[in-house]
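Novice: Handing over query-v8.csv, CSV, C-alpha atoms and all ligand atoms.
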```csv
chain,number,residue,atom,x,y,z
Q,16,MET,CA,22.5,3.5,-13.9
Q,17,ALA,CA,20.4,0.4,-14.4
Q,18,PHE,CA,23.1,-2.3,-14.3
Q,19,LYS,CA,22.8,-5.2,-16.7
Q,20,PRO,CA,22.5,-8.4,-14.7
Q,21,ARG,CA,25.8,-10.1,-14.7
Q,22,VAL,CA,26.9,-13.1,-12.7
Q,23,PHE,CA,30.4,-13.2,-11.4
Q,24,SER,CA,31.9,-15.8,-9.1
Q,25,GLY,CA,35.3,-17.0,-8.1
Q,26,MET,CA,36.6,-20.3,-7.1
Q,27,GLN,CA,39.9,-21.2,-5.4
Q,28,PRO,CA,42.1,-23.5,-7.4
Q,29,THR,CA,42.2,-26.4,-4.9
Q,30,GLY,CA,42.8,-29.9,-6.0
Q,31,ASN,CA,40.8,-32.9,-4.8
Q,32,LEU,CA,37.3,-31.7,-5.7
Q,33,HIS,CA,34.6,-33.9,-4.1
Q,34,LEU,CA,30.9,-34.6,-4.3
Q,35,GLY,CA,30.2,-31.5,-2.1
Q,36,ASN,CA,32.0,-29.2,-4.5
Q,37,TYR,CA,30.2,-30.9,-7.4
Q,38,LEU,CA,26.7,-30.6,-6.1
Q,39,GLY,CA,27.2,-27.4,-4.0
Q,40,ALA,CA,29.1,-25.3,-6.5
Q,41,LEU,CA,29.8,-26.8,-10.0
Q,42,VAL,CA,26.3,-27.9,-10.8
Q,43,ARG,CA,24.8,-24.6,-9.5
Q,44,TRP,CA,27.1,-22.5,-11.5
Q,45,VAL,CA,26.5,-24.5,-14.6
Q,46,GLU,CA,22.8,-24.0,-14.1
Q,47,MET,CA,23.1,-20.2,-13.9
Q,48,GLU,CA,24.8,-20.2,-17.3
Q,49,LYS,CA,21.4,-21.2,-18.8
Q,50,THR,CA,19.7,-17.9,-17.8
Q,51,HIS,CA,22.5,-15.4,-17.2
Q,52,GLU,CA,25.7,-13.9,-18.6
Q,53,CYS,CA,28.3,-15.5,-16.4
Q,54,ILE,CA,31.9,-14.8,-15.7
Q,55,TYR,CA,33.7,-17.5,-13.6
Q,56,CYS,CA,37.1,-16.9,-12.4
Q,57,ILE,CA,39.7,-19.3,-10.9
Q,58,VAL,CA,41.2,-17.1,-8.3
Q,59,ASP,CA,44.9,-18.0,-8.4
Q,60,MET,CA,45.9,-14.7,-6.8
Q,61,HIS,CA,43.8,-15.5,-3.8
Q,62,ALA,CA,45.3,-19.0,-3.7
Q,63,ILE,CA,48.7,-17.7,-2.6
Q,64,THR,CA,47.3,-15.5,0.3
Q,65,ALA,CA,47.2,-18.2,3.0
Q,66,ALA,CA,50.1,-20.5,2.7
Q,67,TRP,CA,53.0,-20.9,0.3
Q,68,GLN,CA,51.8,-22.9,-2.6
Q,69,ASP,CA,54.0,-25.3,-4.5
Q,70,PRO,CA,54.1,-23.7,-8.0
Q,71,LYS,CA,53.7,-27.0,-9.9
Q,72,GLU,CA,50.8,-28.0,-7.7
Q,73,LEU,CA,49.2,-24.6,-8.2
Q,74,GLN,CA,49.3,-25.0,-11.9
Q,75,THR,CA,47.8,-28.5,-11.7
Q,76,ALA,CA,45.1,-27.3,-9.4
Q,77,ILE,CA,44.2,-24.4,-11.8
Q,78,ARG,CA,43.9,-26.9,-14.7
Q,79,ASP,CA,42.0,-29.4,-12.6
Q,80,VAL,CA,39.3,-26.9,-11.5
Q,81,THR,CA,39.0,-25.6,-15.1
Q,82,ALA,CA,38.5,-29.2,-16.3
Q,83,ALA,CA,36.0,-30.0,-13.5
Q,84,TYR,CA,33.8,-27.1,-14.5
Q,85,ILE,CA,33.9,-28.0,-18.2
Q,86,ALA,CA,33.3,-31.7,-17.4
Q,87,ALA,CA,30.4,-30.7,-15.2
Q,88,GLY,CA,28.8,-29.0,-18.2
Q,89,LEU,CA,30.0,-25.4,-18.3
Q,90,ASP,CA,30.4,-24.2,-21.8
Q,91,PRO,CA,33.5,-22.0,-22.0
Q,92,ARG,CA,32.3,-20.5,-25.3
Q,93,LYS,CA,29.2,-19.2,-23.7
Q,94,SER,CA,30.4,-18.3,-20.2
Q,95,ILE,CA,33.8,-16.7,-19.6
Q,96,LEU,CA,36.1,-19.1,-17.7
Q,97,PHE,CA,39.5,-17.8,-16.9
Q,98,ASN,CA,42.2,-17.4,-14.2
Q,99,GLN,CA,42.5,-14.2,-12.3
Q,100,SER,CA,46.2,-13.5,-12.7
Q,101,GLN,CA,45.8,-13.2,-16.5
Q,102,VAL,CA,43.6,-10.1,-16.1
Q,103,SER,CA,45.7,-7.5,-14.4
Q,104,ALA,CA,42.8,-5.1,-14.0
Q,105,HIS,CA,41.8,-7.1,-10.9
Q,106,ALA,CA,45.0,-6.2,-9.1
Q,107,GLU,CA,44.9,-2.6,-10.3
Q,108,LEU,CA,41.4,-2.0,-9.1
Q,109,ALA,CA,42.2,-3.8,-5.9
Q,110,TRP,CA,44.9,-1.1,-5.3
Q,111,ILE,CA,42.4,1.7,-5.7
Q,112,PHE,CA,40.0,-0.2,-3.4
Q,113,ASN,CA,42.8,-0.6,-0.8
Q,114,CYS,CA,42.5,3.2,-0.5
Q,115,THR,CA,38.7,3.1,-0.3
Q,116,ALA,CA,38.3,0.3,2.3
Q,117,ARG,CA,39.0,1.1,5.9
Q,118,LEU,CA,41.1,-0.8,8.4
Q,119,GLY,CA,38.2,-1.0,10.7
Q,120,TRP,CA,36.1,-2.8,8.1
Q,121,LEU,CA,38.8,-5.4,7.4
Q,122,ASN,CA,39.4,-6.0,11.1
Q,123,ARG,CA,35.9,-7.4,11.3
Q,124,MET,CA,36.4,-10.1,8.7
Q,125,THR,CA,35.9,-13.4,10.4
Q,126,GLN,CA,37.6,-15.4,7.6
Q,127,PHE,CA,40.8,-13.5,8.2
Q,128,LYS,CA,40.6,-14.2,11.9
Q,129,GLU,CA,40.0,-17.9,11.2
Q,130,LYS,CA,42.7,-18.3,8.6
Q,131,ALA,CA,45.3,-16.2,10.4
Q,132,GLY,CA,44.7,-18.0,13.7
Q,133,LYS,CA,46.8,-17.1,16.7
Q,134,ASP,CA,49.9,-16.1,14.8
Q,135,ARG,CA,48.3,-13.0,13.3
Q,136,GLU,CA,51.6,-11.1,13.1
Q,137,ASN,CA,52.9,-13.7,10.7
Q,138,ALA,CA,49.9,-13.6,8.3
Q,139,SER,CA,50.5,-12.2,4.8
Q,140,ILE,CA,49.3,-8.7,3.9
Q,141,GLY,CA,47.6,-10.5,1.0
Q,142,LEU,CA,45.5,-12.6,3.4
Q,143,TYR,CA,44.4,-9.4,5.1
Q,144,GLY,CA,43.6,-7.7,1.8
Q,145,TYR,CA,41.9,-10.8,0.4
Q,146,PRO,CA,38.3,-9.4,0.6
Q,147,VAL,CA,39.4,-6.2,-1.2
Q,148,LEU,CA,40.7,-8.2,-4.1
Q,149,MET,CA,37.5,-10.1,-4.1
Q,150,ALA,CA,35.5,-6.8,-4.3
Q,151,ALA,CA,37.7,-5.8,-7.3
Q,152,ASP,CA,37.1,-9.2,-8.9
Q,153,ILE,CA,33.4,-8.5,-8.9
Q,154,LEU,CA,33.3,-4.8,-9.6
Q,155,VAL,CA,35.8,-4.7,-12.4
Q,156,TYR,CA,33.0,-6.3,-14.4
Q,157,ARG,CA,30.2,-4.5,-12.6
Q,158,GLY,CA,29.0,-7.9,-11.5
Q,159,THR,CA,25.5,-7.7,-10.0
Q,160,HIS,CA,24.9,-11.3,-8.8
Q,161,VAL,CA,27.4,-13.4,-7.0
Q,162,PRO,CA,26.7,-17.1,-6.3
Q,163,VAL,CA,28.7,-18.1,-3.2
Q,164,GLY,CA,28.5,-20.2,-0.1
Q,165,GLU,CA,27.2,-18.9,3.1
Q,166,ASP,CA,30.7,-18.3,4.4
Q,167,GLN,CA,31.3,-15.6,1.8
Q,168,LYS,CA,28.3,-13.4,2.8
Q,169,GLN,CA,30.5,-11.1,4.9
Q,170,HIS,CA,32.9,-10.5,2.1
Q,171,LEU,CA,29.9,-9.6,-0.1
Q,172,GLU,CA,28.8,-7.0,2.4
Q,173,LEU,CA,32.3,-5.5,2.3
Q,174,THR,CA,32.1,-5.4,-1.5
Q,175,ARG,CA,28.9,-3.4,-1.2
Q,176,ASP,CA,30.5,-1.1,1.4
Q,177,ILE,CA,33.4,-0.5,-1.0
Q,178,ALA,CA,31.1,0.2,-4.0
Q,179,GLN,CA,29.0,2.6,-1.9
Q,180,LYS,CA,32.0,4.5,-0.5
Q,181,PHE,CA,33.6,4.8,-3.9
Q,182,ASN,CA,30.4,6.0,-5.4
Q,183,SER,CA,30.2,8.6,-2.6
Q,184,ASP,CA,33.9,9.6,-2.5
Q,185,TYR,CA,33.8,10.4,-6.3
Q,186,ARG,CA,30.2,11.5,-6.5
Q,187,LYS,CA,31.0,14.8,-8.2
Q,188,GLU,CA,33.2,13.2,-10.8
Q,189,ILE,CA,30.7,10.4,-11.3
Q,190,ALA,CA,27.9,12.9,-11.9
Q,191,GLU,CA,30.1,14.9,-14.3
Q,192,ALA,CA,30.8,11.7,-16.2
Q,193,GLY,CA,27.1,11.5,-16.9
Q,194,TYR,CA,25.9,8.9,-14.3
Q,195,THR,CA,22.8,10.8,-13.3
Q,196,ASP,CA,21.9,8.4,-10.4
Q,197,GLY,CA,25.4,8.5,-9.0
Q,198,GLU,CA,25.9,4.8,-9.3
Q,199,PHE,CA,29.2,4.0,-10.9
Q,200,PHE,CA,29.6,0.6,-9.2
Q,201,PRO,CA,26.6,-1.6,-8.5
Q,202,LEU,CA,25.8,-3.0,-5.1
Q,203,ALA,CA,26.4,-6.6,-5.9
Q,204,GLU,CA,24.0,-9.1,-4.4
Q,205,PRO,CA,25.0,-12.5,-3.0
Q,206,VAL,CA,23.1,-15.5,-4.4
Q,207,ILE,CA,23.5,-17.8,-1.5
Q,208,MET,CA,23.4,-21.4,-2.7
Q,209,GLY,CA,21.0,-23.3,-0.5
Q,210,THR,CA,21.6,-25.4,2.5
Q,211,ALA,CA,20.0,-28.4,0.7
Q,212,THR,CA,23.3,-28.7,-1.1
Q,213,ARG,CA,25.3,-29.0,2.1
Q,214,VAL,CA,26.7,-32.5,1.5
Q,215,MET,CA,27.9,-34.1,4.7
Q,216,SER,CA,30.7,-36.5,5.4
Q,217,LEU,CA,29.9,-40.2,4.7
Q,218,ARG,CA,31.4,-41.1,8.1
Q,219,ASP,CA,29.7,-38.4,10.2
Q,220,GLY,CA,26.4,-36.8,9.1
Q,221,THR,CA,27.0,-33.8,11.3
Q,222,LYS,CA,30.2,-32.8,9.5
Q,223,LYS,CA,30.5,-31.2,6.1
Q,224,MET,CA,32.1,-33.3,3.4
Q,225,SER,CA,35.5,-31.7,3.1
Q,226,LYS,CA,38.8,-32.2,1.3
Q,227,SER,CA,40.6,-31.7,4.6
Q,228,ASP,CA,39.0,-34.7,6.4
Q,229,ALA,CA,41.7,-37.2,7.3
Q,230,SER,CA,39.5,-40.1,6.2
Q,231,ASP,CA,39.2,-40.6,2.4
Q,232,LEU,CA,36.1,-42.7,3.2
Q,233,SER,CA,34.4,-39.6,4.3
Q,234,ARG,CA,34.1,-38.2,0.8
Q,235,ILE,CA,33.6,-39.1,-2.8
Q,236,ASN,CA,36.3,-37.5,-4.9
Q,237,MET,CA,35.6,-36.4,-8.4
Q,238,THR,CA,38.5,-38.6,-9.5
Q,239,ASP,CA,37.2,-41.8,-7.8
Q,240,ASP,CA,36.5,-44.7,-10.1
Q,241,ALA,CA,33.2,-46.7,-10.1
Q,242,ASP,CA,34.4,-49.4,-7.7
Q,243,THR,CA,35.7,-46.8,-5.2
Q,244,ILE,CA,32.5,-44.8,-5.3
Q,245,ALA,CA,30.4,-48.0,-4.7
Q,246,ARG,CA,32.7,-49.1,-1.9
Q,247,LYS,CA,32.6,-45.8,-0.1
Q,248,ILE,CA,28.8,-45.7,-0.3
Q,249,GLN,CA,28.7,-49.3,1.0
Q,250,LYS,CA,30.8,-48.3,4.0
Q,251,ALA,CA,28.9,-45.0,4.6
Q,252,LYS,CA,27.7,-44.7,8.2
Q,253,THR,CA,24.0,-45.3,8.8
Q,254,ASP,CA,21.8,-46.1,11.7
Q,255,ALA,CA,20.0,-49.4,12.3
Q,256,GLU,CA,16.5,-48.5,11.1
Q,257,GLY,CA,15.2,-48.7,7.6
Q,258,LEU,CA,14.3,-45.6,5.5
Q,259,PRO,CA,11.2,-43.6,6.6
Q,260,SER,CA,8.4,-42.8,4.2
Q,261,GLU,CA,8.2,-39.1,5.1
Q,262,GLU,CA,10.8,-36.3,5.4
Q,263,ALA,CA,9.9,-35.8,9.1
Q,264,GLY,CA,11.3,-39.3,9.6
Q,265,LEU,CA,14.8,-38.0,8.7
Q,266,ALA,CA,14.9,-35.6,11.6
Q,267,SER,CA,17.7,-36.4,14.0
Q,268,ARG,CA,19.0,-39.0,11.6
Q,269,PRO,CA,21.8,-37.0,10.0
Q,270,GLU,CA,23.4,-39.9,8.1
Q,271,ALA,CA,20.1,-41.1,6.6
Q,272,ASP,CA,19.2,-37.5,5.8
Q,273,ASN,CA,22.5,-37.0,4.0
Q,274,LEU,CA,22.3,-40.1,1.9
Q,275,VAL,CA,18.7,-39.4,0.8
Q,276,GLY,CA,19.7,-35.8,0.1
Q,277,ILE,CA,22.6,-36.9,-2.1
Q,278,TYR,CA,20.4,-39.3,-4.0
Q,279,ALA,CA,17.8,-36.6,-4.6
Q,280,ALA,CA,20.5,-34.1,-5.8
Q,281,LEU,CA,22.1,-36.6,-8.1
Q,282,LYS,CA,18.7,-37.5,-9.6
Q,283,ASP,CA,17.5,-33.8,-9.7
Q,284,THR,CA,14.5,-34.7,-7.6
Q,285,THR,CA,13.3,-34.1,-4.0
Q,286,LYS,CA,13.9,-36.1,-0.8
Q,287,LEU,CA,10.2,-36.7,-0.6
Q,288,GLU,CA,10.2,-38.3,-4.0
Q,289,VAL,CA,13.1,-40.5,-3.0
Q,290,LEU,CA,11.3,-41.6,0.2
Q,291,ARG,CA,8.2,-42.4,-1.8
Q,292,GLU,CA,10.3,-44.9,-3.7
Q,293,PHE,CA,12.5,-46.2,-0.8
Q,294,GLY,CA,10.4,-45.7,2.3
Q,295,GLY,CA,10.5,-48.9,4.3
Q,296,SER,CA,13.6,-50.3,2.5
Q,297,GLN,CA,16.7,-51.3,4.3
Q,298,PHE,CA,19.9,-49.4,3.8
Q,299,SER,CA,21.5,-52.3,2.0
Q,300,THR,CA,19.0,-51.9,-0.8
Q,301,PHE,CA,19.1,-48.1,-0.8
Q,302,LYS,CA,22.9,-48.0,-0.8
Q,303,LYS,CA,23.0,-50.2,-3.9
Q,304,ALA,CA,20.6,-47.8,-5.7
Q,305,LEU,CA,22.6,-44.8,-4.5
Q,306,ALA,CA,25.9,-46.3,-5.7
Q,307,ASP,CA,24.3,-46.9,-9.1
Q,308,VAL,CA,23.0,-43.4,-9.4
Q,309,ALA,CA,26.3,-41.9,-8.2
Q,310,VAL,CA,28.4,-44.0,-10.6
Q,311,THR,CA,26.0,-43.2,-13.5
Q,312,ARG,CA,26.2,-39.5,-12.8
Q,313,LEU,CA,29.8,-39.1,-11.9
Q,314,THR,CA,31.8,-41.5,-14.1
Q,315,PRO,CA,31.1,-39.6,-17.3
Q,316,VAL,CA,32.2,-36.4,-15.5
Q,317,ASN,CA,35.3,-38.2,-14.2
Q,318,ALA,CA,36.2,-39.5,-17.7
Q,319,GLU,CA,35.7,-36.1,-19.3
Q,320,MET,CA,37.8,-34.5,-16.6
Q,321,ARG,CA,40.6,-37.0,-17.1
Q,322,ARG,CA,40.4,-36.5,-20.9
Q,323,LEU,CA,40.6,-32.7,-20.5
Q,324,VAL,CA,43.5,-32.7,-18.0
Q,325,SER,CA,45.5,-35.0,-20.3
Q,326,ASP,CA,45.7,-32.1,-22.7
Q,327,PRO,CA,46.9,-29.1,-20.6
Q,328,ALA,CA,47.7,-27.1,-23.7
Q,329,GLU,CA,44.0,-27.1,-24.6
Q,330,ILE,CA,43.0,-26.0,-21.1
Q,331,ASP,CA,45.5,-23.2,-21.2
Q,332,ARG,CA,44.1,-22.2,-24.5
Q,333,ILE,CA,40.6,-22.1,-23.0
Q,334,LEU,CA,41.8,-19.9,-20.1
Q,335,LYS,CA,43.6,-17.6,-22.4
Q,336,ASP,CA,40.6,-17.2,-24.6
Q,337,GLY,CA,38.5,-16.5,-21.4
Q,338,SER,CA,41.0,-14.0,-20.2
Q,339,GLU,CA,40.9,-12.1,-23.4
Q,340,ARG,CA,37.1,-11.9,-23.3
Q,341,ALA,CA,37.3,-10.9,-19.6
Q,342,ARG,CA,39.8,-8.1,-20.3
Q,343,ALA,CA,37.6,-6.7,-23.0
Q,344,ILE,CA,35.0,-6.1,-20.3
Q,345,ALA,CA,37.3,-5.1,-17.4
Q,346,GLU,CA,39.7,-2.8,-19.1
Q,347,PRO,CA,37.2,0.0,-20.1
Q,348,ILE,CA,35.7,-0.1,-16.6
Q,349,LEU,CA,39.1,0.1,-15.0
Q,350,ALA,CA,40.1,3.0,-17.4
Q,351,GLU,CA,37.0,4.9,-16.4
Q,352,THR,CA,37.7,4.3,-12.8
Q,353,LYS,CA,41.2,5.7,-13.1
Q,354,ARG,CA,39.9,8.8,-14.8
Q,355,LEU,CA,37.4,9.4,-12.0
Q,356,VAL,CA,40.2,9.1,-9.4
Q,357,GLY,CA,42.2,11.6,-11.4
Q,358,PHE,CA,45.0,9.5,-12.8
Q,359,ILE,CA,46.2,10.7,-16.2
Q,360,GLY,CA,46.7,8.2,-19.0
O,401,LIG,P1,36.0,-25.2,-0.8
O,401,LIG,O1,36.8,-26.2,-1.6
O,401,LIG,O2,35.6,-25.5,0.5
O,401,LIG,O3,36.7,-23.8,-1.0
O,401,LIG,O4,34.6,-25.0,-1.6
O,401,LIG,C1,34.5,-24.7,-3.0
O,401,LIG,C2,33.0,-24.6,-3.3
O,401,LIG,O5,32.3,-25.8,-3.0
O,401,LIG,C3,32.3,-23.5,-2.4
O,401,LIG,O6,31.4,-22.8,-3.3
O,401,LIG,C4,31.5,-24.3,-1.4
O,401,LIG,O7,30.3,-23.7,-1.0
O,401,LIG,C5,31.3,-25.7,-2.1
O,401,LIG,N1,31.3,-26.8,-1.1
O,401,LIG,C6,32.4,-27.2,-0.4
O,401,LIG,N2,32.1,-28.3,0.4
O,401,LIG,C7,30.8,-28.5,0.2
O,401,LIG,C8,29.9,-29.4,0.8
O,401,LIG,N3,30.3,-30.4,1.7
O,401,LIG,N4,28.6,-29.3,0.4
O,401,LIG,C9,28.2,-28.4,-0.5
O,401,LIG,N5,29.0,-27.5,-1.0
O,401,LIG,C10,30.3,-27.5,-0.7
O,402,LIG,N1,36.5,-16.0,-1.6
O,402,LIG,C1,35.8,-17.0,-2.4
O,402,LIG,C2,35.8,-18.4,-1.8
O,402,LIG,O1,36.7,-18.7,-1.0
O,402,LIG,C3,36.5,-17.0,-3.8
O,402,LIG,C4,36.3,-15.7,-4.5
O,402,LIG,C5,37.3,-14.9,-4.8
O,402,LIG,C6,35.1,-15.1,-5.0
O,402,LIG,N2,36.9,-13.8,-5.5
O,402,LIG,C7,35.5,-13.9,-5.6
O,402,LIG,C8,33.8,-15.5,-5.0
O,402,LIG,C9,34.6,-13.1,-6.2
O,402,LIG,C10,32.9,-14.7,-5.5
O,402,LIG,C11,33.3,-13.5,-6.2
O,402,LIG,O2,34.9,-19.2,-2.0
```
Once more with this new file: its structure as structure tokens, please.
Ligand code: AMP
Ligand code: TRP
Specialist:
Amino acid sequence: MAFKPRVFSGMQPTGNLHLGNYLGALVRWVEMEKTHECIYCIVDMHAITAAWQDPKELQTAIRDVTAAYIAAGLDPRKSILFNQSQVSAHAELAWIFNCTARLGWLNRMTQFKEKAGKDRENASIGLYGYPVLMAADILVYRGTHVPVGEDQKQHLELTRDIAQKFNSDYRKEIAEAGYTDGEFFPLAEPVIMGTATRVMSLRDGTKKMSKSDASDLSRINMTDDADTIARKIQKAKTDAEGLPSEEAGLASRPEADNLVGIYAALKDTTKLEVLREFGGSQFSTFKKALADVAVTRLTPVNAEMRRLVSDPAEIDRILKDGSERARAIAEPILAETKRLVGFIG
């Protein structure tokens, strides 16, 4: 079957979103909505796989991420924005896929190894099965394009392996159901979102900006006010030289490269353009300009996010509406899957 292009992606409900999340994920996903049918899922069921989550904090994080996406420009009437646990088809299809996927496949998953660490015996079954649920998230909508970070590539390969094995395990039933090319589930493709949007720490240009960095000066949080943003940029690590006039001049100057990259991303332009303007300037001048751009771009998003989270009932309504629209797509696909497997109902 020629599958209709459909974008699906999931995001963990983690609080403290920062500039890296904004430029690397939020802005990208908002962009895709202009050209594609998009389904964006806040994966609350994945959120409880690694460590026990405080229920109140989990609720807050789900609403914060929802608000962040809408504040960044996502239109919840156009795209479907919802939280995973409201659409039980994900969990049901994941069970069927648990019986499709092989232990050997999951044993190779590097994220499990990283997250489980040395005490593997004590990891949850959910953490082990995490990639199977992820495959179900995508395939229950017959998602064809999945924007993710580089680290999710292996999970996407597993998703394709599961789709392929399901299509092959049930090929007779799939053919009888009228799928002449034998494809019931699509082989979903990753859309890897570029390295250009790897935003690095403001304190160390070789480390990714991350919510887990002990120093708050290393990142710009989506909730920082204008003064805090300006102060953090002022204090950002740089080297002693001025800005070069060509991109080659940024090589082996990770902090300079990062700040120029952030400026370019915030202005929707290229590093070369930025260097055309600032080549030869001192960092003191450039940092002032960068702070202005960052404040201009981020404060309206901050304000909108704050406005949205002040009305949790409205966010919950948006998630409920998204879930209903998601269910309308997922349920018929799940029902058909169950029939293929031989379940009666
Ligand atoms: P995380 O909070 O690390 O799970 O990331 C959520 C999303 O933000 C993922 O799609 C990441 O690829 C993206 N992301 C996180 N940190 C950065 C960063 N420093 N630069 C660019 N993208 C990032
Ligand atoms: N594992 C993804 C991450 O940590 C989140 C995720 C869950 C996801 N289900 C998904 C991403 C389905 C894409 C498609 O970033």
Novice: So which residues are near ligand LIG 402 (chain O), meaning at most 7 Å away with only C-alpha atoms and all ligand atoms counted, given back as a PyMOL selection string?
Specialist: chain Q and resi 23-27+58+61+148-150+152-153+161-164+167
Novice: My list of candidates is Q:Arg175, Q:Lys252, Q:Lys303, Q:His105. Which is closest to Trp120 of chain Q when distances are computed with all atoms listed in the file?
Specialist: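 Using all atoms listed in the file, the shortest distance to Trp120 of chain Q belongs to Q:Arg175.
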Novice: Residues within 9 Å of segment 291-297 of chain Q, please, as a ChimeraX atom specification. Count all atoms listed in the file; anything in the same chain fewer than 6 positions from it doesn't count.
Specialist: /Q:255-261
Novice: Find the nearest atom pair between each residue of chain Q and ligand LIG 401 (chain O) for residues within 7 Å, count all atoms listed in the file, give distances in Å to one decimal, sort rows by chain and ascending number, and present the table as a tab-separated table.
Specialist:
```
residue	atom	partner	partner_atom	distance
Q:Met26	CA	O:LIG401	C1	6.4
Q:Gln27	CA	O:LIG401	O3	6.0
Q:Thr29	CA	O:LIG401	O1	6.3
Q:Leu32	CA	O:LIG401	O1	6.9
Q:Gly35	CA	O:LIG401	C8	3.6
Q:Asn36	CA	O:LIG401	O5	3.7
Q:Leu38	CA	O:LIG401	C9	6.2
Q:Gly39	CA	O:LIG401	N5	3.5
Q:Ala40	CA	O:LIG401	O6	4.7
Q:Val163	CA	O:LIG401	O6	5.4
Q:Gly164	CA	O:LIG401	O7	4.0
Q:Thr212	CA	O:LIG401	C9	4.9
Q:Arg213	CA	O:LIG401	N4	3.7
Q:Val214	CA	O:LIG401	N4	3.9
Q:Met215	CA	O:LIG401	N3	5.3
Q:Lys223	CA	O:LIG401	N3	4.5
Q:Met224	CA	O:LIG401	N3	3.8
Q:Ser225	CA	O:LIG401	N2	5.5
Q:Lys226	CA	O:LIG401	O1	7.0
```
Novice: Which residues, written as a list in words, have at least one atom at most 6 Å from segment 44-55 of chain Q, with only C-alpha atoms counted and residues fewer than 3 positions away on the same chain left out?
Specialist: Arg21, Val22, Phe23, Ser24, Gly25, Leu41, Leu89, Ser94, Ile95 and Leu96 of chain Q
Novice: In Å to one decimal, how far is atom CA of Val324 of chain Q from atom CA of Val155 of chain Q?
Specialist: 29.6 Å
Novice: To one decimal in Å, tell me the separation between atom CA of Pro91 of chain Q and atom CA of Ile277 of chain Q.
Specialist: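 Taking atom CA of Pro91 of chain Q and atom CA of Ile277 of chain Q, their separation equals 27.1 Å.
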Novice: Extract, using all atoms listed in the file, all DNA, RNA and protein residues at most 9 Å from segment 333-343 of chain Q, discarding same-chain residues fewer than 2 positions from it, and format them as a list in words.
Specialist: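 The residues satisfying every condition are Ile54, Thr81, Pro91, Arg92, Ser94, Ile95, Leu96, Phe97, Asn98, Gln99, Gln101, Val102, Ser103, Ala104, Tyr156, Ala328, Glu329, Ile330, Asp331, Ala345, Glu346 and Pro347 of chain Q.
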Novice: For the atom pair atom CA of Ile244 of chain Q and atom CA of Ala304 of chain Q, what is the interatomic distance in Å to one decimal place?
Specialist: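 According to the coordinates, atom CA of Ile244 of chain Q and atom CA of Ala304 of chain Q are separated by 12.3 Å.
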Novice: Find, counting only C-alpha atoms, the residue in Q:Leu34, Q:Leu323, Q:Ala76, Q:Leu313 that gets nearest to Arg234 of chain Q.
Specialist: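 Among the listed residues, the smallest separation from Arg234 of chain Q belongs to Q:Leu34.
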Novice: I'd like to know which of Q:Leu349, Q:Leu173, Q:Val80, Q:Ile207 is closest to Thr125 of chain Q, using only C-alpha atoms.
Specialist: Q:Leu173
Novice: If we count only C-alpha atoms and set the cut-off at 7 Å, which residues sit around Asn182 of chain Q, ignoring sequence neighbours fewer than 2 positions away in its own chain? Please answer as a list of chain:residue names.
Specialist: Q:Ala178, Q:Gln179, Q:Lys180, Q:Asp184, Q:Tyr185, Q:Arg186, Q:Gly197, Q:Glu198, Q:Phe199, Q:Phe200
